[in-house]
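> Take a look at this one; I'll ask things after.
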Amino acid sequence: MLVNKVSSRYAKSLISLAMEQGVLENVRQDMEVIANICLESKELVVVLKSPVIKAHKKEAILKAIFGATLSKMTNAFIDILVRKGRERHLPGIAQAFVEQYDRQKGIAKADITTAVAMDDETRAAMKDLVSSMGNHNEIVLNEKVNEVIIGGFIARLDDKQVDASVTRRLEELKKELNENPYIAEF
């Protein structure tokens, strides 16, 4: 999903308004729901971007999908977006809102890839490792299982990555053996 300047500005304004009204947590939950649904449903994103579909139809579609699950402020915000013809930015606004909220609260989302599912002890160790990679108040792990890495883990946080997988180590050993200067080439 593309987050552009328009989306970022709307998200920033919505965060400010939600903080002012004391409903920041409710709006954050709503924006996470919207962002997740937009990621899962490409059809919804296409409908929101379509210039052919009229605004009242888009509003009806959004109300049918989200209905009473969204807070009063979020519904009012969506109504304003539709009235102003900015509904196509809703997926980006939702994503930008969540990112700005996380940044503001010091929450980091790390991707952890392992060969097998993690237990609680391993999860705690991963949180400690990721905490050492940056200065964050809270770490949220996005766990993935990929048997191809054979063992170990790959941890990604922002622009940092720690690759401690067995596959990576085997590749390094292969490279070392191929570059061995002590083997005479015939």
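Just remember, in the structure tokens the first chain shown is A, the second B, etc., residues are 1-based per chain, and ligands are 1-based in the order shown.
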Give me, as a list in words, all polymer residues having an atom no more than 6 Å from range 140-154 of chain A, counting only C-alpha atoms and skipping those fewer than 4 positions away in the same chain.

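Skipping anything fewer than 4 positions along the chain leaves Lys109, Ala110, Asp111, Ile112, Thr113, Thr114, Ala115, Val116, Val162, Asp163, Ala164, Ser165, Val166 and Thr167 of chain A.
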
> For N, CA, C and O atoms, I'd like the residues from the last selection saved as an mmCIF file, in the first residue's frame.


```
data_model
loop_
_atom_site.group_PDB
_atom_site.id
_atom_site.type_symbol
_atom_site.label_atom_id
_atom_site.label_comp_id
_atom_site.auth_asym_id
_atom_site.auth_seq_id
_atom_site.Cartn_x
_atom_site.Cartn_y
_atom_site.Cartn_z
ATOM 1 N N LYS A 109 7.861 -2.887 15.218
ATOM 2 C CA LYS A 109 7.375 -4.161 14.696
ATOM 3 C C LYS A 109 8.535 -4.848 13.998
ATOM 4 O O LYS A 109 9.097 -4.312 13.055
ATOM 5 N N ALA A 110 8.890 -6.016 14.506
ATOM 6 C CA ALA A 110 10.021 -6.766 13.971
ATOM 7 C C ALA A 110 9.525 -8.037 13.304
ATOM 8 O O ALA A 110 8.609 -8.692 13.799
ATOM 9 N N ASP A 111 10.128 -8.372 12.177
ATOM 10 C CA ASP A 111 9.821 -9.627 11.482
ATOM 11 C C ASP A 111 10.849 -10.660 11.917
ATOM 12 O O ASP A 111 12.054 -10.445 11.774
ATOM 13 N N ILE A 112 10.365 -11.774 12.448
ATOM 14 C CA ILE A 112 11.228 -12.864 12.877
ATOM 15 C C ILE A 112 10.862 -14.098 12.065
ATOM 16 O O ILE A 112 9.721 -14.543 12.084
ATOM 17 N N THR A 113 11.821 -14.633 11.326
ATOM 18 C CA THR A 113 11.609 -15.846 10.538
ATOM 19 C C THR A 113 12.417 -16.966 11.170
ATOM 20 O O THR A 113 13.613 -16.821 11.396
ATOM 21 N N THR A 114 11.736 -18.071 11.468
ATOM 22 C CA THR A 114 12.388 -19.241 12.041
ATOM 23 C C THR A 114 11.992 -20.478 11.248
ATOM 24 O O THR A 114 11.026 -20.455 10.492
ATOM 25 N N ALA A 115 12.736 -21.557 11.447
ATOM 26 C CA ALA A 115 12.438 -22.804 10.743
ATOM 27 C C ALA A 115 11.252 -23.530 11.371
ATOM 28 O O ALA A 115 10.537 -24.261 10.700
ATOM 29 N N VAL A 116 11.053 -23.343 12.674
ATOM 30 C CA VAL A 116 9.923 -23.944 13.394
ATOM 31 C C VAL A 116 9.268 -22.861 14.241
ATOM 32 O O VAL A 116 9.865 -21.818 14.507
ATOM 33 N N VAL A 162 19.416 -9.216 11.151
ATOM 34 C CA VAL A 162 20.347 -10.192 11.698
ATOM 35 C C VAL A 162 19.964 -11.529 11.085
ATOM 36 O O VAL A 162 18.865 -12.019 11.278
ATOM 37 N N ASP A 163 20.891 -12.104 10.303
ATOM 38 C CA ASP A 163 20.641 -13.393 9.660
ATOM 39 C C ASP A 163 21.517 -14.443 10.335
ATOM 40 O O ASP A 163 22.699 -14.560 10.050
ATOM 41 N N ALA A 164 20.923 -15.176 11.255
ATOM 42 C CA ALA A 164 21.631 -16.237 11.965
ATOM 43 C C ALA A 164 21.049 -17.589 11.575
ATOM 44 O O ALA A 164 20.934 -18.493 12.403
ATOM 45 N N SER A 165 20.704 -17.733 10.306
ATOM 46 C CA SER A 165 20.115 -18.978 9.838
ATOM 47 C C SER A 165 21.193 -19.984 9.459
ATOM 48 O O SER A 165 22.307 -19.614 9.104
ATOM 49 N N VAL A 166 20.839 -21.242 9.521
ATOM 50 C CA VAL A 166 21.766 -22.306 9.139
ATOM 51 C C VAL A 166 22.060 -22.211 7.649
ATOM 52 O O VAL A 166 23.209 -22.392 7.220
ATOM 53 N N THR A 167 21.046 -21.888 6.849
ATOM 54 C CA THR A 167 21.239 -21.747 5.402
ATOM 55 C C THR A 167 22.305 -20.693 5.102
ATOM 56 O O THR A 167 23.183 -20.904 4.262
#
```

> Near range 20-32 of chain A, within 12 Å and counting only C-alpha atoms, which residues show up once chain neighbours fewer than 3 positions away are dropped, as a short mmCIF file (atom, residue, chain, number, x, y, z; two decimals) with N, CA and C atoms, in the first residue's frame?


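Wrote it out as out-v2.cif, contents follow:
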```cif
data_model
loop_
_atom_site.label_atom_id
_atom_site.label_comp_id
_atom_site.auth_asym_id
_atom_site.auth_seq_id
_atom_site.Cartn_x
_atom_site.Cartn_y
_atom_site.Cartn_z
N ALA A 11 -3.39 11.46 8.20
CA ALA A 11 -3.15 10.61 9.37
C ALA A 11 -2.67 11.46 10.55
N LYS A 12 -1.77 12.38 10.28
CA LYS A 12 -1.26 13.25 11.35
C LYS A 12 -2.39 14.09 11.95
N SER A 13 -3.25 14.63 11.09
CA SER A 13 -4.38 15.43 11.57
C SER A 13 -5.34 14.58 12.40
N LEU A 14 -5.58 13.35 11.93
CA LEU A 14 -6.49 12.46 12.66
C LEU A 14 -5.91 12.08 14.01
N ILE A 15 -4.61 11.86 14.08
CA ILE A 15 -3.98 11.56 15.38
C ILE A 15 -4.14 12.74 16.32
N SER A 16 -3.89 13.93 15.83
CA SER A 16 -4.03 15.13 16.67
C SER A 16 -5.45 15.29 17.18
N LEU A 17 -6.41 15.12 16.29
CA LEU A 17 -7.82 15.26 16.68
C LEU A 17 -8.22 14.17 17.67
N ALA A 35 -6.76 -0.83 7.70
CA ALA A 35 -5.52 -1.17 6.99
C ALA A 35 -5.46 -2.66 6.67
N ASN A 36 -5.84 -3.50 7.63
CA ASN A 36 -5.81 -4.95 7.40
C ASN A 36 -6.81 -5.39 6.35
N ILE A 37 -8.00 -4.83 6.38
CA ILE A 37 -9.02 -5.19 5.39
C ILE A 37 -8.59 -4.73 4.00
N CYS A 38 -8.00 -3.55 3.92
CA CYS A 38 -7.53 -3.05 2.62
C CYS A 38 -6.37 -3.89 2.08
N LEU A 39 -5.53 -4.42 2.98
CA LEU A 39 -4.45 -5.30 2.54
C LEU A 39 -5.00 -6.63 2.02
N PHE A 66 -17.76 -1.81 7.21
CA PHE A 66 -17.32 -1.48 8.56
C PHE A 66 -18.48 -1.26 9.52
N GLY A 67 -19.60 -0.75 9.02
CA GLY A 67 -20.81 -0.58 9.80
C GLY A 67 -20.58 0.03 11.16
N ALA A 68 -21.13 -0.65 12.16
CA ALA A 68 -21.08 -0.15 13.53
C ALA A 68 -19.79 -0.53 14.26
N THR A 69 -18.88 -1.19 13.57
CA THR A 69 -17.64 -1.62 14.25
C THR A 69 -16.68 -0.46 14.48
N LEU A 70 -16.80 0.61 13.70
CA LEU A 70 -15.89 1.75 13.84
C LEU A 70 -16.44 2.77 14.82
N SER A 71 -15.53 3.50 15.44
CA SER A 71 -15.94 4.54 16.39
C SER A 71 -16.62 5.70 15.67
N LYS A 72 -17.28 6.53 16.44
CA LYS A 72 -17.99 7.68 15.89
C LYS A 72 -17.03 8.61 15.14
N MET A 73 -15.86 8.84 15.72
CA MET A 73 -14.89 9.76 15.09
C MET A 73 -14.39 9.19 13.76
N THR A 74 -14.10 7.89 13.73
CA THR A 74 -13.60 7.28 12.50
C THR A 74 -14.67 7.33 11.42
N ASN A 75 -15.90 7.05 11.77
CA ASN A 75 -16.99 7.14 10.79
C ASN A 75 -17.14 8.56 10.25
N ALA A 76 -17.04 9.55 11.13
CA ALA A 76 -17.14 10.94 10.71
C ALA A 76 -15.96 11.30 9.79
N PHE A 77 -14.80 10.80 10.11
CA PHE A 77 -13.60 11.04 9.29
C PHE A 77 -13.79 10.44 7.89
N ILE A 78 -14.29 9.22 7.83
CA ILE A 78 -14.53 8.58 6.53
C ILE A 78 -15.57 9.35 5.73
N LEU A 90 -7.88 6.41 1.66
CA LEU A 90 -8.19 5.76 2.94
C LEU A 90 -7.21 4.64 3.30
N PRO A 91 -6.88 3.70 2.38
CA PRO A 91 -5.92 2.66 2.76
C PRO A 91 -4.56 3.23 3.19
N GLY A 92 -4.08 4.22 2.46
CA GLY A 92 -2.80 4.84 2.82
C GLY A 92 -2.88 5.62 4.12
N ILE A 93 -4.00 6.28 4.35
CA ILE A 93 -4.19 7.03 5.60
C ILE A 93 -4.18 6.07 6.78
N ALA A 94 -4.88 4.95 6.64
CA ALA A 94 -4.93 3.96 7.73
C ALA A 94 -3.53 3.43 8.04
N GLN A 95 -2.79 3.11 7.00
CA GLN A 95 -1.43 2.60 7.19
C GLN A 95 -0.54 3.68 7.81
N ALA A 96 -0.62 4.89 7.30
CA ALA A 96 0.19 5.99 7.83
C ALA A 96 -0.17 6.28 9.28
N PHE A 97 -1.45 6.19 9.62
CA PHE A 97 -1.90 6.43 10.99
C PHE A 97 -1.24 5.42 11.93
N VAL A 98 -1.30 4.15 11.57
CA VAL A 98 -0.72 3.09 12.42
C VAL A 98 0.78 3.30 12.56
N GLU A 99 1.46 3.62 11.47
CA GLU A 99 2.91 3.85 11.52
C GLU A 99 3.26 5.05 12.41
N GLN A 100 2.51 6.15 12.26
CA GLN A 100 2.77 7.34 13.06
C GLN A 100 2.46 7.09 14.54
N TYR A 101 1.38 6.36 14.79
CA TYR A 101 1.02 6.02 16.17
C TYR A 101 2.14 5.19 16.80
N ASP A 102 2.60 4.17 16.09
CA ASP A 102 3.67 3.31 16.61
C ASP A 102 4.93 4.12 16.88
N GLN A 104 5.16 7.30 17.50
CA GLN A 104 4.89 8.21 18.61
C GLN A 104 4.96 7.48 19.95
N LYS A 105 4.49 6.25 19.99
CA LYS A 105 4.46 5.47 21.23
C LYS A 105 5.73 4.64 21.44
#
```

> Within 7 Å of His136 in chain A, counting only C-alpha atoms, which residues qualify if same-chain residues fewer than 3 places away don't, as a VMD selection string?

chain A and resid 106 to 108 131 139

> In terms of the shortest atom-to-atom distance over only C-alpha atoms, which of A:Asp79, A:Glu176, A:Asp158, A:Glu138 is closest to Ala55 in chain A?

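Of all the options, A:Asp79 lies closest to Ala55 in chain A.
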
> Which residues are close to Glu87 in chain A, i.e. within 8 Å by only C-alpha atoms, leaving aside same-chain residues fewer than 4 positions away? Reply as a list in words.

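Neighbouring residues, sequence-local ones excluded: Leu48, Lys49, Ile78, Leu81 and Val82 of chain A.
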
> Give me, as an mmCIF file with C-alpha atoms, in the first residue's frame, the residues of chain A that a backbone DSSP run labels strand (DSSP E).


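So out.cif came out as:
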```
data_model
loop_
_atom_site.group_PDB
_atom_site.id
_atom_site.type_symbol
_atom_site.label_atom_id
_atom_site.label_comp_id
_atom_site.auth_asym_id
_atom_site.auth_seq_id
_atom_site.Cartn_x
_atom_site.Cartn_y
_atom_site.Cartn_z
ATOM 1 C CA ILE A 107 6.427 0.627 19.315
ATOM 2 C CA ALA A 108 8.605 -1.345 16.919
ATOM 3 C CA LYS A 109 7.375 -4.161 14.696
ATOM 4 C CA ALA A 110 10.021 -6.766 13.971
ATOM 5 C CA ASP A 111 9.821 -9.627 11.482
ATOM 6 C CA ILE A 112 11.228 -12.864 12.877
ATOM 7 C CA THR A 113 11.609 -15.846 10.538
ATOM 8 C CA THR A 114 12.388 -19.241 12.041
ATOM 9 C CA GLU A 138 7.695 -1.961 23.070
ATOM 10 C CA ILE A 139 8.495 -4.695 20.561
ATOM 11 C CA VAL A 140 5.805 -6.487 18.554
ATOM 12 C CA LEU A 141 7.006 -9.639 16.821
ATOM 13 C CA ASN A 142 5.632 -10.656 13.447
ATOM 14 C CA GLU A 143 6.469 -14.348 13.419
ATOM 15 C CA LYS A 144 6.964 -16.326 10.218
ATOM 16 C CA VAL A 145 7.924 -19.961 9.750
ATOM 17 C CA PHE A 153 16.494 -17.196 12.660
ATOM 18 C CA ILE A 154 16.345 -14.047 10.579
ATOM 19 C CA ALA A 155 15.355 -10.872 12.454
ATOM 20 C CA ARG A 156 14.416 -7.616 10.705
ATOM 21 C CA LEU A 157 13.718 -4.301 12.400
ATOM 22 C CA LYS A 160 18.536 -3.617 10.296
ATOM 23 C CA GLN A 161 18.721 -7.370 9.785
ATOM 24 C CA VAL A 162 20.347 -10.192 11.698
ATOM 25 C CA ASP A 163 20.641 -13.393 9.660
#
```
